>>> print(open('final.pdb').read())   # PDB, C-alpha atoms
ATOM      1  CA  MET A 122     119.942  73.450 130.365
ATOM      2  CA  SER A 123     120.797  72.033 126.951
ATOM      3  CA  VAL A 124     118.255  72.665 124.200
ATOM      4  CA  GLY A 125     118.424  68.993 123.255
ATOM      5  CA  LEU A 126     117.051  67.938 126.653
ATOM      6  CA  ILE A 127     113.948  70.059 126.334
ATOM      7  CA  LYS A 128     110.963  68.827 124.375
ATOM      8  CA  PRO A 129     110.517  71.368 121.564
ATOM      9  CA  LYS A 130     107.297  73.333 121.458
ATOM     10  CA  ILE A 131     105.335  74.323 118.383
ATOM     11  CA  VAL A 132     104.770  78.070 118.636
ATOM     12  CA  VAL A 133     102.481  79.719 116.082
ATOM     13  CA  LEU A 134     103.227  83.377 115.350
ATOM     14  CA  CYS A 135     100.382  85.434 113.903
ATOM     15  CA  ALA A 136     100.015  89.170 113.360
ATOM     16  CA  VAL A 137      96.426  90.376 113.081
ATOM     17  CA  ARG A 138      94.365  93.470 112.560
ATOM     18  CA  ASN A 139      90.597  93.149 112.477
ATOM     19  CA  GLU A 140      90.527  89.460 111.541
ATOM     20  CA  GLU A 141      87.337  88.638 113.448
ATOM     21  CA  TRP A 142      85.822  87.089 110.318
ATOM     22  CA  ILE A 143      88.286  84.158 110.375
ATOM     23  CA  LEU A 144      90.242  84.363 113.644
ATOM     24  CA  ARG A 145      88.167  81.910 115.692
ATOM     25  CA  HIS A 146      88.479  79.184 113.027
ATOM     26  CA  PHE A 147      92.220  79.835 112.748
ATOM     27  CA  LEU A 148      92.833  79.620 116.487
ATOM     28  CA  CYS A 149      90.697  76.507 116.794
ATOM     29  CA  ALA A 150      92.696  74.763 114.048
ATOM     30  CA  CYS A 151      96.062  75.870 115.466
ATOM     31  CA  SER A 152      95.138  74.768 118.991
ATOM     32  CA  ARG A 153      94.899  71.164 117.789
ATOM     33  CA  PHE A 154      98.629  70.783 117.132
ATOM     34  CA  ALA A 155     100.420  73.845 118.559
ATOM     35  CA  ASP A 156     101.590  74.285 122.140
ATOM     36  CA  HIS A 157     101.287  78.067 122.053
ATOM     37  CA  VAL A 158      99.874  80.719 119.728
ATOM     38  CA  LEU A 159     101.238  84.263 119.957
ATOM     39  CA  VAL A 160      98.908  86.843 118.383
ATOM     40  CA  ALA A 161     100.312  90.325 117.788
ATOM     41  CA  ASP A 162      97.203  92.502 117.641
ATOM     42  CA  GLN A 163      97.736  95.811 115.863
ATOM     43  CA  ASN A 164      94.973  98.203 116.924
ATOM     44  CA  SER A 165      92.040  95.922 116.102
ATOM     45  CA  TYR A 166      88.642  97.482 116.771
ATOM     46  CA  ASP A 167      86.594  94.316 116.188
ATOM     47  CA  LYS A 168      86.206  91.278 118.497
ATOM     48  CA  THR A 169      89.821  90.124 118.249
ATOM     49  CA  LEU A 170      90.490  90.608 121.984
ATOM     50  CA  GLN A 171      87.399  88.632 122.986
ATOM     51  CA  ILE A 172      88.140  85.801 120.562
ATOM     52  CA  CYS A 173      91.754  85.445 121.725
ATOM     53  CA  SER A 174      90.632  85.245 125.345
ATOM     54  CA  ASP A 175      88.524  82.174 124.534
ATOM     55  CA  PHE A 176      91.587  80.018 123.760
ATOM     56  CA  PRO A 177      93.876  78.850 126.610
ATOM     57  CA  LYS A 178      96.887  78.396 124.327
ATOM     58  CA  VAL A 179      96.665  81.921 122.909
ATOM     59  CA  THR A 180      98.635  84.890 124.214
ATOM     60  CA  ARG A 181      97.651  88.253 122.784
ATOM     61  CA  ILE A 182     100.472  90.777 122.419
ATOM     62  CA  VAL A 183      99.668  94.445 121.908
ATOM     63  CA  ASN A 184     101.223  96.017 118.829
ATOM     64  CA  ASP A 185     100.261  99.674 119.118
ATOM     65  CA  SER A 186     102.192 100.891 116.090
ATOM     66  CA  ARG A 187     100.133 102.973 113.687
ATOM     67  CA  GLU A 188     102.312 102.073 110.712
ATOM     68  CA  PHE A 189     101.947  98.930 108.607
ATOM     69  CA  ASN A 190     105.338  97.231 108.837
ATOM     70  CA  GLU A 191     105.503  93.467 108.397
ATOM     71  CA  GLY A 192     109.171  93.349 109.348
ATOM     72  CA  ASP A 193     108.583  95.011 112.718
ATOM     73  CA  ARG A 194     105.679  92.782 113.660
ATOM     74  CA  ILE A 195     107.619  89.633 112.702
ATOM     75  CA  GLN A 196     110.524  90.768 114.858
ATOM     76  CA  LEU A 197     108.101  91.430 117.717
ATOM     77  CA  LEU A 198     106.666  87.920 117.498
ATOM     78  CA  ILE A 199     110.028  86.149 117.221
ATOM     79  CA  ARG A 200     111.411  88.147 120.132
ATOM     80  CA  GLU A 201     108.393  87.314 122.291
ATOM     81  CA  ALA A 202     108.616  83.606 121.412
ATOM     82  CA  ARG A 203     112.277  83.467 122.393
ATOM     83  CA  GLU A 204     111.786  85.402 125.626
ATOM     84  CA  ARG A 205     108.836  83.269 126.708
ATOM     85  CA  PHE A 206     109.888  79.811 125.543
ATOM     86  CA  GLY A 207     113.608  79.908 124.765
ATOM     87  CA  LEU A 208     115.305  78.326 121.746
ATOM     88  CA  GLY A 209     114.951  74.941 120.101
ATOM     89  CA  ASN A 210     111.257  75.356 119.366
ATOM     90  CA  VAL A 211     109.318  75.170 116.109
ATOM     91  CA  LEU A 212     108.421  78.698 115.038
ATOM     92  CA  LEU A 213     105.505  78.676 112.603
ATOM     93  CA  ALA A 214     104.487  82.042 111.144
ATOM     94  CA  LEU A 215     100.981  82.174 109.685
ATOM     95  CA  ASP A 216      98.409  84.764 108.705
ATOM     96  CA  ALA A 217      94.950  84.334 110.193
ATOM     97  CA  ASP A 218      93.475  83.473 106.788
ATOM     98  CA  GLU A 219      95.889  80.528 106.385
ATOM     99  CA  ILE A 220      93.984  77.740 108.092
ATOM    100  CA  PRO A 221      95.831  74.554 109.113
ATOM    101  CA  VAL A 222      94.198  71.449 107.625
ATOM    102  CA  ASN A 223      94.339  68.903 110.448
ATOM    103  CA  THR A 224      94.483  65.335 109.131
ATOM    104  CA  LEU A 225      95.992  62.075 110.373
ATOM    105  CA  GLN A 226      98.919  62.620 108.010
ATOM    106  CA  SER A 227      99.571  66.132 109.320
ATOM    107  CA  GLU A 228      99.421  64.904 112.911
ATOM    108  CA  GLN A 229     102.096  62.318 112.162
ATOM    109  CA  GLN A 230     104.295  64.860 110.394
ATOM    110  CA  TRP A 231     104.125  67.309 113.298
ATOM    111  CA  ARG A 232     105.543  64.517 115.476
ATOM    112  CA  THR A 233     108.385  64.107 112.997
ATOM    113  CA  ILE A 234     109.039  67.853 112.945
ATOM    114  CA  ARG A 235     109.402  67.941 116.726
ATOM    115  CA  GLU A 236     112.408  65.632 116.337
ATOM    116  CA  ILE A 237     114.267  67.839 113.842
ATOM    117  CA  GLU A 238     117.443  69.543 115.043
ATOM    118  CA  PRO A 239     117.517  73.369 115.335
ATOM    119  CA  GLY A 240     118.589  75.415 112.328
ATOM    120  CA  VAL A 241     116.258  73.794 109.760
ATOM    121  CA  ILE A 242     113.804  75.742 107.600
ATOM    122  CA  LEU A 243     110.337  74.207 107.223
ATOM    123  CA  ARG A 244     108.601  74.553 103.886
ATOM    124  CA  PHE A 245     104.879  73.967 103.322
ATOM    125  CA  SER A 246     102.160  74.197 100.696
ATOM    126  CA  LYS A 247      99.581  76.939 101.026
ATOM    127  CA  PRO A 248      96.879  76.336  98.402
ATOM    128  CA  ASP A 249      94.240  78.970  97.768
ATOM    129  CA  ILE A 250      90.590  78.009  97.700
ATOM    130  CA  ASP A 251      89.106  79.569  94.574
ATOM    131  CA  ILE A 252      85.916  81.583  94.508
ATOM    132  CA  ASP A 253      83.847  78.491  93.655
ATOM    133  CA  GLY A 254      84.684  77.034  97.067
ATOM    134  CA  GLN A 255      85.758  73.736  95.480
ATOM    135  CA  THR A 256      88.935  74.320  93.487
ATOM    136  CA  LEU A 257      92.371  74.520  95.059
ATOM    137  CA  VAL A 258      95.033  76.632  93.340
ATOM    138  CA  ASP A 259      98.391  75.331  94.543
ATOM    139  CA  MET A 260     101.914  76.570  93.856
ATOM    140  CA  GLY A 261     103.414  73.623  95.741
ATOM    141  CA  SER A 262     105.580  73.359  98.856
ATOM    142  CA  ILE A 263     107.452  76.603  98.320
ATOM    143  CA  TRP A 264     106.438  78.603 101.407
ATOM    144  CA  LYS A 265     109.074  79.046 104.124
ATOM    145  CA  LEU A 266     106.709  79.381 107.060
ATOM    146  CA  GLY A 267     108.554  77.474 109.786
ATOM    147  CA  TYR A 268     111.958  77.341 111.439
ATOM    148  CA  ILE A 269     113.472  75.111 114.125
ATOM    149  CA  ASP A 270     114.783  77.983 116.169
ATOM    150  CA  ASP A 271     118.508  78.148 116.898
ATOM    151  CA  GLY A 272     118.530  81.876 117.603
ATOM    152  CA  ALA A 273     119.543  82.931 114.090
ATOM    153  CA  GLU A 274     119.216  86.626 113.358
ATOM    154  CA  HIS A 275     116.330  87.656 111.184
ATOM    155  CA  THR A 276     115.848  90.781 109.123
ATOM    156  CA  ALA A 277     112.660  91.370 107.188
ATOM    157  CA  ALA A 278     111.332  93.912 104.729
ATOM    158  CA  LYS A 279     108.459  96.249 105.557
ATOM    159  CA  ILE A 280     106.156  94.603 103.021
ATOM    160  CA  HIS A 281     105.961  90.965 101.841
ATOM    161  CA  ALA A 282     108.551  90.024 104.431
ATOM    162  CA  GLN A 283     110.121  86.611 104.924
ATOM    163  CA  ARG A 284     108.384  85.426 108.071
ATOM    164  CA  VAL A 285     110.997  83.264 109.762
ATOM    165  CA  PRO A 286     114.800  83.180 109.877
ATOM    166  CA  SER A 287     116.181  81.734 106.658
ATOM    167  CA  PRO A 288     119.987  81.434 106.808
ATOM    168  CA  ALA A 289     121.449  80.899 103.355
ATOM    169  CA  ASP A 290     123.127  77.636 104.299
ATOM    170  CA  ALA A 291     120.251  76.219 106.365
ATOM    171  CA  PRO A 292     118.855  72.804 105.360
ATOM    172  CA  ILE A 293     115.214  72.662 104.290
ATOM    173  CA  PHE A 294     112.577  70.151 105.321
ATOM    174  CA  ASP A 295     109.571  69.901 102.991
ATOM    175  CA  ALA A 296     106.516  69.104 105.089
ATOM    176  CA  ALA A 297     104.537  67.514 102.278
ATOM    177  CA  ASP A 298     101.786  66.169 104.552
ATOM    178  CA  ILE A 299     100.932  69.533 106.118
ATOM    179  CA  SER A 300      98.982  72.210 104.275
ATOM    180  CA  PHE A 301      97.465  75.542 105.168
ATOM    181  CA  LEU A 302      94.346  76.557 103.278
ATOM    182  CA  HIS A 303      94.608  80.183 102.175
ATOM    183  CA  VAL A 304      91.084  81.626 102.437
ATOM    184  CA  ASN A 305      91.849  84.518 100.145
ATOM    185  CA  LEU A 306      90.440  84.162  96.637
ATOM    186  CA  ILE A 307      87.043  83.199  98.018
ATOM    187  CA  ARG A 308      86.636  86.833  99.204
ATOM    188  CA  PRO A 309      87.318  88.820  96.026
ATOM    189  CA  ASP A 310      86.249  92.236  97.360
ATOM    190  CA  ALA A 311      88.355  91.861 100.495
ATOM    191  CA  LEU A 312      91.306  90.631  98.411
ATOM    192  CA  ARG A 313      90.993  93.629  96.130
ATOM    193  CA  ALA A 314      90.971  95.984  99.135
ATOM    194  CA  LYS A 315      94.115  94.298 100.482
ATOM    195  CA  ARG A 316      95.903  94.664  97.165
ATOM    196  CA  ARG A 317      94.936  98.310  96.847
ATOM    197  CA  MET A 318      96.476  98.854 100.271
ATOM    198  CA  TYR A 319      99.724  97.110  99.325
ATOM    199  CA  CYS A 320      99.911  99.191  96.164
ATOM    200  CA  ALA A 321      99.395 102.439  98.083
ATOM    201  CA  LEU A 322     101.890 101.427 100.764
ATOM    202  CA  GLU A 323     104.603 100.613  98.239
ATOM    203  CA  ASN A 324     104.026 103.982  96.588
ATOM    204  CA  ALA A 325     104.022 105.894  99.891
ATOM    205  CA  GLN A 326     107.178 104.168 101.130
ATOM    206  CA  GLY A 327     108.953 104.519  97.791
ATOM    207  CA  ILE A 328     109.892 100.847  97.684
ATOM    208  CA  SER A 329     108.663  99.958  94.188
ATOM    209  CA  SER A 330     108.320 101.470  90.753
ATOM    210  CA  LEU A 331     105.074 102.364  89.024
ATOM    211  CA  ARG A 332     105.798  99.546  86.576
ATOM    212  CA  ARG A 333     105.899  96.957  89.360
ATOM    213  CA  ARG A 334     102.758  98.297  90.984
ATOM    214  CA  LEU A 335     100.767  98.299  87.748
ATOM    215  CA  LEU A 336     101.861  94.741  87.014
ATOM    216  CA  ALA A 337     101.433  93.352  90.537
ATOM    217  CA  TYR A 338      98.329  95.130  91.803
ATOM    218  CA  ASN A 339      96.066  95.807  88.868
ATOM    219  CA  ARG A 340      92.425  94.747  89.164
ATOM    220  CA  PHE A 341      92.540  92.422  86.147
ATOM    221  CA  ILE A 342      94.866  89.737  87.536
ATOM    222  CA  ASP A 343      93.449  86.210  87.406
ATOM    223  CA  PHE A 344      94.863  84.382  90.426
ATOM    224  CA  SER A 345      93.152  81.121  89.486
ATOM    225  CA  THR A 346      95.940  80.583  86.934
ATOM    226  CA  SER A 347      98.817  81.060  89.394
ATOM    227  CA  GLY A 348      99.255  77.363  90.175
ATOM    228  CA  SER A 349      98.092  73.852  89.474
ATOM    229  CA  THR A 350      94.441  73.156  90.221
ATOM    230  CA  ARG A 351      92.609  70.283  91.839
ATOM    231  CA  THR A 352      89.322  69.735  93.630
ATOM    232  CA  ILE A 353      89.324  69.991  97.400
ATOM    233  CA  THR A 354      88.858  66.569  98.987
ATOM    234  CA  ARG A 355      86.102  65.489 101.348
ATOM    235  CA  GLU A 356      88.807  64.787 103.959
ATOM    236  CA  TRP A 357      89.865  68.439 103.876
ATOM    237  CA  ILE A 358      86.286  69.711 103.951
ATOM    238  CA  ASP A 359      85.544  67.561 106.988
ATOM    239  CA  ALA A 360      88.785  68.603 108.715
ATOM    240  CA  LEU A 361      88.005  72.287 108.207
ATOM    241  CA  ALA A 362      84.413  71.813 109.361
ATOM    242  CA  ALA A 363      85.679  70.161 112.538
ATOM    243  CA  ASP A 364      87.369  73.472 113.328
ATOM    244  CA  GLY A 365      84.199  75.398 112.516
ATOM    245  CA  LEU A 366      85.082  76.556 109.011
ATOM    246  CA  HIS A 367      82.451  75.997 106.308
ATOM    247  CA  LEU A 368      83.612  77.390 102.990
ATOM    248  CA  SER A 369      80.073  78.268 101.916
ATOM    249  CA  ASP A 370      79.715  80.585 104.928
ATOM    250  CA  VAL A 371      82.873  82.682 104.690
ATOM    251  CA  PRO A 372      81.744  86.299 105.235
ATOM    252  CA  GLU A 373      82.668  89.230 103.056
ATOM    253  CA  GLU A 374      81.249  92.436 104.477
ATOM    254  CA  PRO A 375      82.703  95.821 103.533
ATOM    255  CA  PRO A 376      83.988  98.275 104.518
ATOM    256  CA  PHE A 377      87.440  96.748 104.901
ATOM    257  CA  TRP A 378      90.070  98.259 107.171
ATOM    258  CA  GLN A 379      92.586  98.155 104.323
ATOM    259  CA  ASP A 380      90.548 100.793 102.480
ATOM    260  CA  TYR A 381      90.620 102.979 105.587
ATOM    261  CA  GLU A 382      94.396 102.634 105.547
ATOM    262  CA  VAL A 383      94.510 103.827 101.944
ATOM    263  CA  LEU A 384      92.443 106.873 102.906
ATOM    264  CA  ARG A 385      94.965 107.613 105.645
ATOM    265  CA  LEU A 386      97.776 107.496 103.085
ATOM    266  CA  PHE A 387      95.764 109.796 100.805
ATOM    267  CA  ARG A 388      95.548 112.289 103.640
ATOM    268  CA  ILE A 389      99.259 112.114 104.507
ATOM    269  CA  HIS A 390     100.684 112.191 100.996
ATOM    270  CA  GLY A 391      97.927 113.787  98.934
ATOM    271  CA  MET A 392      95.849 111.925  96.393
ATOM    272  CA  LYS A 393      97.760 113.157  93.324
ATOM    273  CA  ARG A 394     100.713 110.996  94.301
ATOM    274  CA  PHE A 395      98.565 107.912  93.632
ATOM    275  CA  TRP A 396      96.741 108.992  90.475
ATOM    276  CA  LEU A 397      98.593 106.609  88.134
ATOM    277  CA  ASP A 398      98.140 103.607  90.427
ATOM    278  CA  ASP A 399      95.209 101.261  89.868
ATOM    279  CA  LEU A 400      93.267 102.308  92.967
ATOM    280  CA  TRP A 401      90.197 103.872  91.460
ATOM    281  CA  ASP A 402      87.788 100.938  91.250
ATOM    282  CA  ALA A 403      86.678 101.692  94.838
ATOM    283  CA  ASP A 404      83.947 104.167  95.768
ATOM    284  CA  TRP A 405      86.235 106.355  97.858
ATOM    285  CA  ALA A 406      83.524 108.935  98.535
ATOM    286  CA  GLN A 407      81.311 106.299 100.131
ATOM    287  CA  ILE A 408      84.211 104.703 102.006
ATOM    288  CA  SER A 409      85.279 108.122 103.290
ATOM    289  CA  HIS A 410      81.737 108.802 104.475
ATOM    290  CA  ARG A 411      81.635 105.475 106.327
ATOM    291  CA  CYS A 412      85.006 106.232 107.830
ATOM    292  CA  ARG A 413      83.823 109.575 109.218
ATOM    293  CA  MET A 414      80.595 108.034 110.497
ATOM    294  CA  ALA A 415      82.674 105.476 112.389
ATOM    295  CA  GLY A 416      84.535 108.299 114.106
ATOM    296  CA  TRP A 417      87.796 108.115 112.166
ATOM    297  CA  ASP A 418      89.453 111.477 111.561
ATOM    298  CA  GLU A 419      92.177 110.359 109.152
ATOM    299  CA  THR A 420      90.347 110.788 105.868
ATOM    300  CA  PRO A 421      91.364 113.519 103.393
ATOM    301  CA  GLU A 422      89.563 116.810 103.914
ATOM    302  CA  LYS A 423      88.722 116.832 100.205
ATOM    303  CA  LEU A 424      88.808 113.954  97.739
ATOM    304  CA  LYS A 425      90.525 114.802  94.485
ATOM    305  CA  PHE A 426      90.158 112.019  91.936
ATOM    306  CA  PRO A 427      92.303 111.540  88.817
ATOM    307  CA  PRO A 428      90.708 112.826  85.612
ATOM    308  CA  LEU A 429      89.717 110.352  82.943
ATOM    309  CA  TYR A 430      92.773 110.953  80.791
ATOM    310  CA  ILE A 431      95.074 110.072  83.721
ATOM    311  CA  ARG A 432      93.216 106.813  84.221
ATOM    312  CA  LEU A 433      93.530 106.048  80.505
ATOM    313  CA  ILE A 434      97.268 106.720  80.648
ATOM    314  CA  SER A 435      97.562 104.382  83.614
ATOM    315  CA  ARG A 436      95.724 101.614  81.769
ATOM    316  CA  ILE A 437      97.833 102.078  78.636
ATOM    317  CA  LEU A 438     101.034 101.930  80.683
ATOM    318  CA  GLN A 439      99.835  98.749  82.334
ATOM    319  CA  LEU A 440      99.182  97.102  78.955
ATOM    320  CA  ILE A 441     102.588  98.218  77.679
ATOM    321  CA  TYR A 442     104.317  96.824  80.766
ATOM    322  CA  GLN A 443     102.442  93.545  80.438
ATOM    323  CA  ALA A 444     103.393  93.197  76.774
ATOM    324  CA  ALA A 445     107.037  93.982  77.549
ATOM    325  CA  SER A 446     107.058  91.466  80.389
ATOM    326  CA  ARG A 447     105.615  88.734  78.174
ATOM    327  CA  ALA A 448     108.110  89.539  75.426
ATOM    328  CA  LYS A 449     111.027  89.387  77.858
ATOM    329  CA  HIS A 450     109.819  86.038  79.165
ATOM    330  CA  ALA A 451     109.429  84.672  75.622
ATOM    331  CA  ILE A 452     112.928  85.827  74.648
ATOM    332  CA  LYS A 453     114.374  84.247  77.762
ATOM    333  CA  SER A 454     112.557  80.958  77.071
ATOM    334  CA  PHE A 455     113.691  80.976  73.452
ATOM    335  CA  GLY A 456     117.270  81.662  74.523
ATOM    336  CA  GLY A 457     117.124  78.727  76.901
ATOM    337  CA  LEU A 458     115.915  76.412  74.154
ATOM    338  CA  PHE A 459     118.577  77.697  71.768
ATOM    339  CA  GLY A 460     121.282  77.142  74.394
ATOM    340  CA  LYS A 461     120.206  73.512  74.796
ATOM    341  CA  ALA A 462     120.218  72.842  71.116
TER     342      ALA A 462
END
>>> encode(input="final.pdb", output="structure tokens")
Amino acid sequence: MSVGLIKPKIVVLCAVRNEEWILRHFLCACSRFADHVLVADQNSYDKTLQICSDFPKVTRIVNDSREFNEGDRIQLLIREARERFGLGNVLLALDADEIPVNTLQSEQQWRTIREIEPGVILRFSKPDIDIDGQTLVDMGSIWKLGYIDDGAEHTAAKIHAQRVPSPADAPIFDAADISFLHVNLIRPDALRAKRRMYCALENAQGISSLRRRLLAYNRFIDFSTSGSTRTITREWIDALAADGLHLSDVPEEPPFWQDYEVLRLFRIHGMKRFWLDDLWDADWAQISHRCRMAGWDETPEKLKFPPLYIRLISRILQLIYQAASRAKHAIKSFGGLFGKA
């Protein structure tokens, strides 16, 4: 049957691991506009299974891989969507902490999107809610989170992967009336644990330099300056509350599974490998103790922390890299002005 004769479905793709803290709100919000939600559950030990079973539109897929690989889990979700529902559908790839904001405008735009021909990339805004629970930090509609599926091949990196097919010559539709609230900055301890994990993973997999890791994952980054700011509207607050999300009640309860993952990498690769990375603001002795009490056997037999002088060297390198980066940016900006003159 021709794709054009079939009413396209909106299929949400979401990979999770221990997202109980936000998963119910996410699935509730997605169920309002999506036809199906595919959740690839990677070894969660919280209430993920129970929560997924409460939503008729949700299909839980088991991802039993022990390794953290964003590319593999994206491929798993896209493959499942195509096998279950065919082509011509709207593939929308979201993390569980990216909550759809359901408004009258978004409802109308989803109707428009269902009429778009296959092969189009969908771009959205994904503002962060800052720690005050009132300020949105928005980089604009730059996030390629959706694709009208025509069967295009998709390759993705292990970390920070592009979530949907993005052919170089594909047209782009900016869905300006649809936003996903990123509930990220409002949980600073959990965010820090996540960034420590990414730093350790990039080191362990050899996919980035120490310079990049010290610039991208240091504890001193101020994310509130990474975009334009505005106050969240009452319409958004009410829309989120309708799906059960109250920003004043977002939980942040350590330990976080990302720290357990870092301990696993310490055990596999040895802690010395990570000494120059900015990972040492966590109480690894306490986290390791909690890990063993929970029955995990993947912690290092002995914790060997970097001496003070190594930590000082790491901090000095970070400052040097930051200064060099700012200087390079200033030179580039000056060159651009000079070229226009």
>>> atom_distance(input="final.pdb", atom1="atom CA of Lys393 of chain A", atom2="atom CA of Ser186 of chain A")
26.2 Å
>>> atom_distance(input="final.pdb", atom1="atom CA of Arg313 of chain A", atom2="atom CA of Ile252 of chain A")
13.2 Å
>>> resolve_selection(input="final.pdb", expression="the PyMOL selection byres ((chain A and resi 223) around 8)", output="PDB file with C-alpha atoms, in the frame of the given file")
ATOM      1  CA  ALA A 150      92.696  74.763 114.048  1.00  0.00           C
ATOM      2  CA  ARG A 153      94.899  71.164 117.789  1.00  0.00           C
ATOM      3  CA  PRO A 221      95.831  74.554 109.113  1.00  0.00           C
ATOM      4  CA  VAL A 222      94.198  71.449 107.625  1.00  0.00           C
ATOM      5  CA  THR A 224      94.483  65.335 109.131  1.00  0.00           C
ATOM      6  CA  LEU A 225      95.992  62.075 110.373  1.00  0.00           C
ATOM      7  CA  SER A 227      99.571  66.132 109.320  1.00  0.00           C
ATOM      8  CA  GLU A 228      99.421  64.904 112.911  1.00  0.00           C
ATOM      9  CA  ILE A 299     100.932  69.533 106.118  1.00  0.00           C
ATOM     10  CA  TRP A 357      89.865  68.439 103.876  1.00  0.00           C
ATOM     11  CA  ALA A 360      88.785  68.603 108.715  1.00  0.00           C
ATOM     12  CA  LEU A 361      88.005  72.287 108.207  1.00  0.00           C
TER      13      LEU A 361
END
>>> residues_around(input="final.pdb", residues="segment 421-437 of chain A", least_positions_apart="3", cutoff="9 Å", atoms="only C-alpha atoms", output="list of chain:residue names")
A:Leu335, A:Leu384, A:Arg385, A:Leu386, A:Phe387, A:Arg388, A:Ile389, A:Gly391, A:Met392, A:Lys393, A:Phe395, A:Trp396, A:Leu397, A:Asp398, A:Asp399, A:Trp401, A:Trp405, A:Ala406, A:Ser409, A:Asp418, A:Leu440, A:Ile441, A:Tyr442
>>> write_last_selection(input="final.pdb", atoms="C-alpha atoms", output="PDB file, in the frame of the given file")
ATOM      1  CA  LEU A 335     100.767  98.299  87.748  1.00  0.00           C
ATOM      2  CA  LEU A 384      92.443 106.873 102.906  1.00  0.00           C
ATOM      3  CA  ARG A 385      94.965 107.613 105.645  1.00  0.00           C
ATOM      4  CA  LEU A 386      97.776 107.496 103.085  1.00  0.00           C
ATOM      5  CA  PHE A 387      95.764 109.796 100.805  1.00  0.00           C
ATOM      6  CA  ARG A 388      95.548 112.289 103.640  1.00  0.00           C
ATOM      7  CA  ILE A 389      99.259 112.114 104.507  1.00  0.00           C
ATOM      8  CA  GLY A 391      97.927 113.787  98.934  1.00  0.00           C
ATOM      9  CA  MET A 392      95.849 111.925  96.393  1.00  0.00           C
ATOM     10  CA  LYS A 393      97.760 113.157  93.324  1.00  0.00           C
ATOM     11  CA  PHE A 395      98.565 107.912  93.632  1.00  0.00           C
ATOM     12  CA  TRP A 396      96.741 108.992  90.475  1.00  0.00           C
ATOM     13  CA  LEU A 397      98.593 106.609  88.134  1.00  0.00           C
ATOM     14  CA  ASP A 398      98.140 103.607  90.427  1.00  0.00           C
ATOM     15  CA  ASP A 399      95.209 101.261  89.868  1.00  0.00           C
ATOM     16  CA  TRP A 401      90.197 103.872  91.460  1.00  0.00           C
ATOM     17  CA  TRP A 405      86.235 106.355  97.858  1.00  0.00           C
ATOM     18  CA  ALA A 406      83.524 108.935  98.535  1.00  0.00           C
ATOM     19  CA  SER A 409      85.279 108.122 103.290  1.00  0.00           C
ATOM     20  CA  ASP A 418      89.453 111.477 111.561  1.00  0.00           C
ATOM     21  CA  LEU A 440      99.182  97.102  78.955  1.00  0.00           C
ATOM     22  CA  ILE A 441     102.588  98.218  77.679  1.00  0.00           C
ATOM     23  CA  TYR A 442     104.317  96.824  80.766  1.00  0.00           C
TER      24      TYR A 442
END
>>> atom_distance(input="final.pdb", atom1="atom CA of Ile220 of chain A", atom2="atom CA of Ile263 of chain A")
16.7 Å
>>> closest_residue(input="final.pdb", among="A:Val258, A:Ala291, A:Leu212, A:Ala314", to="Arg351 of chain A", atoms="all atoms listed in the file")
A:Val258
>>> residues_around(input="final.pdb", residues="Thr180 of chain A", least_positions_apart="3", cutoff="10 Å", atoms="all atoms listed in the file", output="ChimeraX atom specification")
/A:157-161,173-174,176-177,183
>>> closest_residue(input="final.pdb", among="A:Lys130, A:His281, A:Arg194, A:His390", to="Ala321 of chain A", atoms="all atoms listed in the file")
A:His390
>>> resolve_selection(input="final.pdb", expression="the PyMOL selection byres ((chain A and resi 189) around 10)", output="list of chain:residue names")
A:Gln163, A:Ser186, A:Arg187, A:Glu188, A:Asn190, A:Glu191, A:Gly192, A:Asp193, A:Arg194, A:Lys279, A:Ile280, A:Met318, A:Tyr319, A:Leu322, A:Glu382
>>> resolve_selection(input="final.pdb", expression="the PyMOL selection byres ((chain A and resi 196) around 12)", output="MDAnalysis selection string")
chainID A and resid 134:136 161 184 190:195 197:203 214 273:279 282:286
>>> residues_around(input="final.pdb", residues="Leu257 of chain A", least_positions_apart="5", cutoff="8 Å", atoms="all atoms listed in the file", output="tab-separated table (two decimals) with C-alpha atoms, in the frame of the given file")
chain	number	residue	atom	x	y	z
A	248	PRO	CA	96.88	76.34	98.40
A	249	ASP	CA	94.24	78.97	97.77
A	250	ILE	CA	90.59	78.01	97.70
A	251	ASP	CA	89.11	79.57	94.57
A	350	THR	CA	94.44	73.16	90.22
A	351	ARG	CA	92.61	70.28	91.84
A	352	THR	CA	89.32	69.74	93.63
A	353	ILE	CA	89.32	69.99	97.40
>>> residues_around(input="final.pdb", residues="Asp175 of chain A", least_positions_apart="2", cutoff="12 Å", atoms="all atoms listed in the file", output="list of chain:residue names")
A:Leu144, A:Arg145, A:His146, A:Leu148, A:Cys149, A:Ser152, A:Lys168, A:Thr169, A:Leu170, A:Gln171, A:Ile172, A:Cys173, A:Pro177, A:Lys178, A:Val179, A:Thr180, A:Arg181
>>> write_last_selection(input="final.pdb", atoms="C-alpha atoms", output="mmCIF file, in the frame of the given file")
data_model
loop_
_atom_site.group_PDB
_atom_site.id
_atom_site.type_symbol
_atom_site.label_atom_id
_atom_site.label_comp_id
_atom_site.auth_asym_id
_atom_site.auth_seq_id
_atom_site.Cartn_x
_atom_site.Cartn_y
_atom_site.Cartn_z
ATOM 1 C CA LEU A 144 90.242 84.363 113.644
ATOM 2 C CA ARG A 145 88.167 81.910 115.692
ATOM 3 C CA HIS A 146 88.479 79.184 113.027
ATOM 4 C CA LEU A 148 92.833 79.620 116.487
ATOM 5 C CA CYS A 149 90.697 76.507 116.794
ATOM 6 C CA SER A 152 95.138 74.768 118.991
ATOM 7 C CA LYS A 168 86.206 91.278 118.497
ATOM 8 C CA THR A 169 89.821 90.124 118.249
ATOM 9 C CA LEU A 170 90.490 90.608 121.984
ATOM 10 C CA GLN A 171 87.399 88.632 122.986
ATOM 11 C CA ILE A 172 88.140 85.801 120.562
ATOM 12 C CA CYS A 173 91.754 85.445 121.725
ATOM 13 C CA PRO A 177 93.876 78.850 126.610
ATOM 14 C CA LYS A 178 96.887 78.396 124.327
ATOM 15 C CA VAL A 179 96.665 81.921 122.909
ATOM 16 C CA THR A 180 98.635 84.890 124.214
ATOM 17 C CA ARG A 181 97.651 88.253 122.784
#
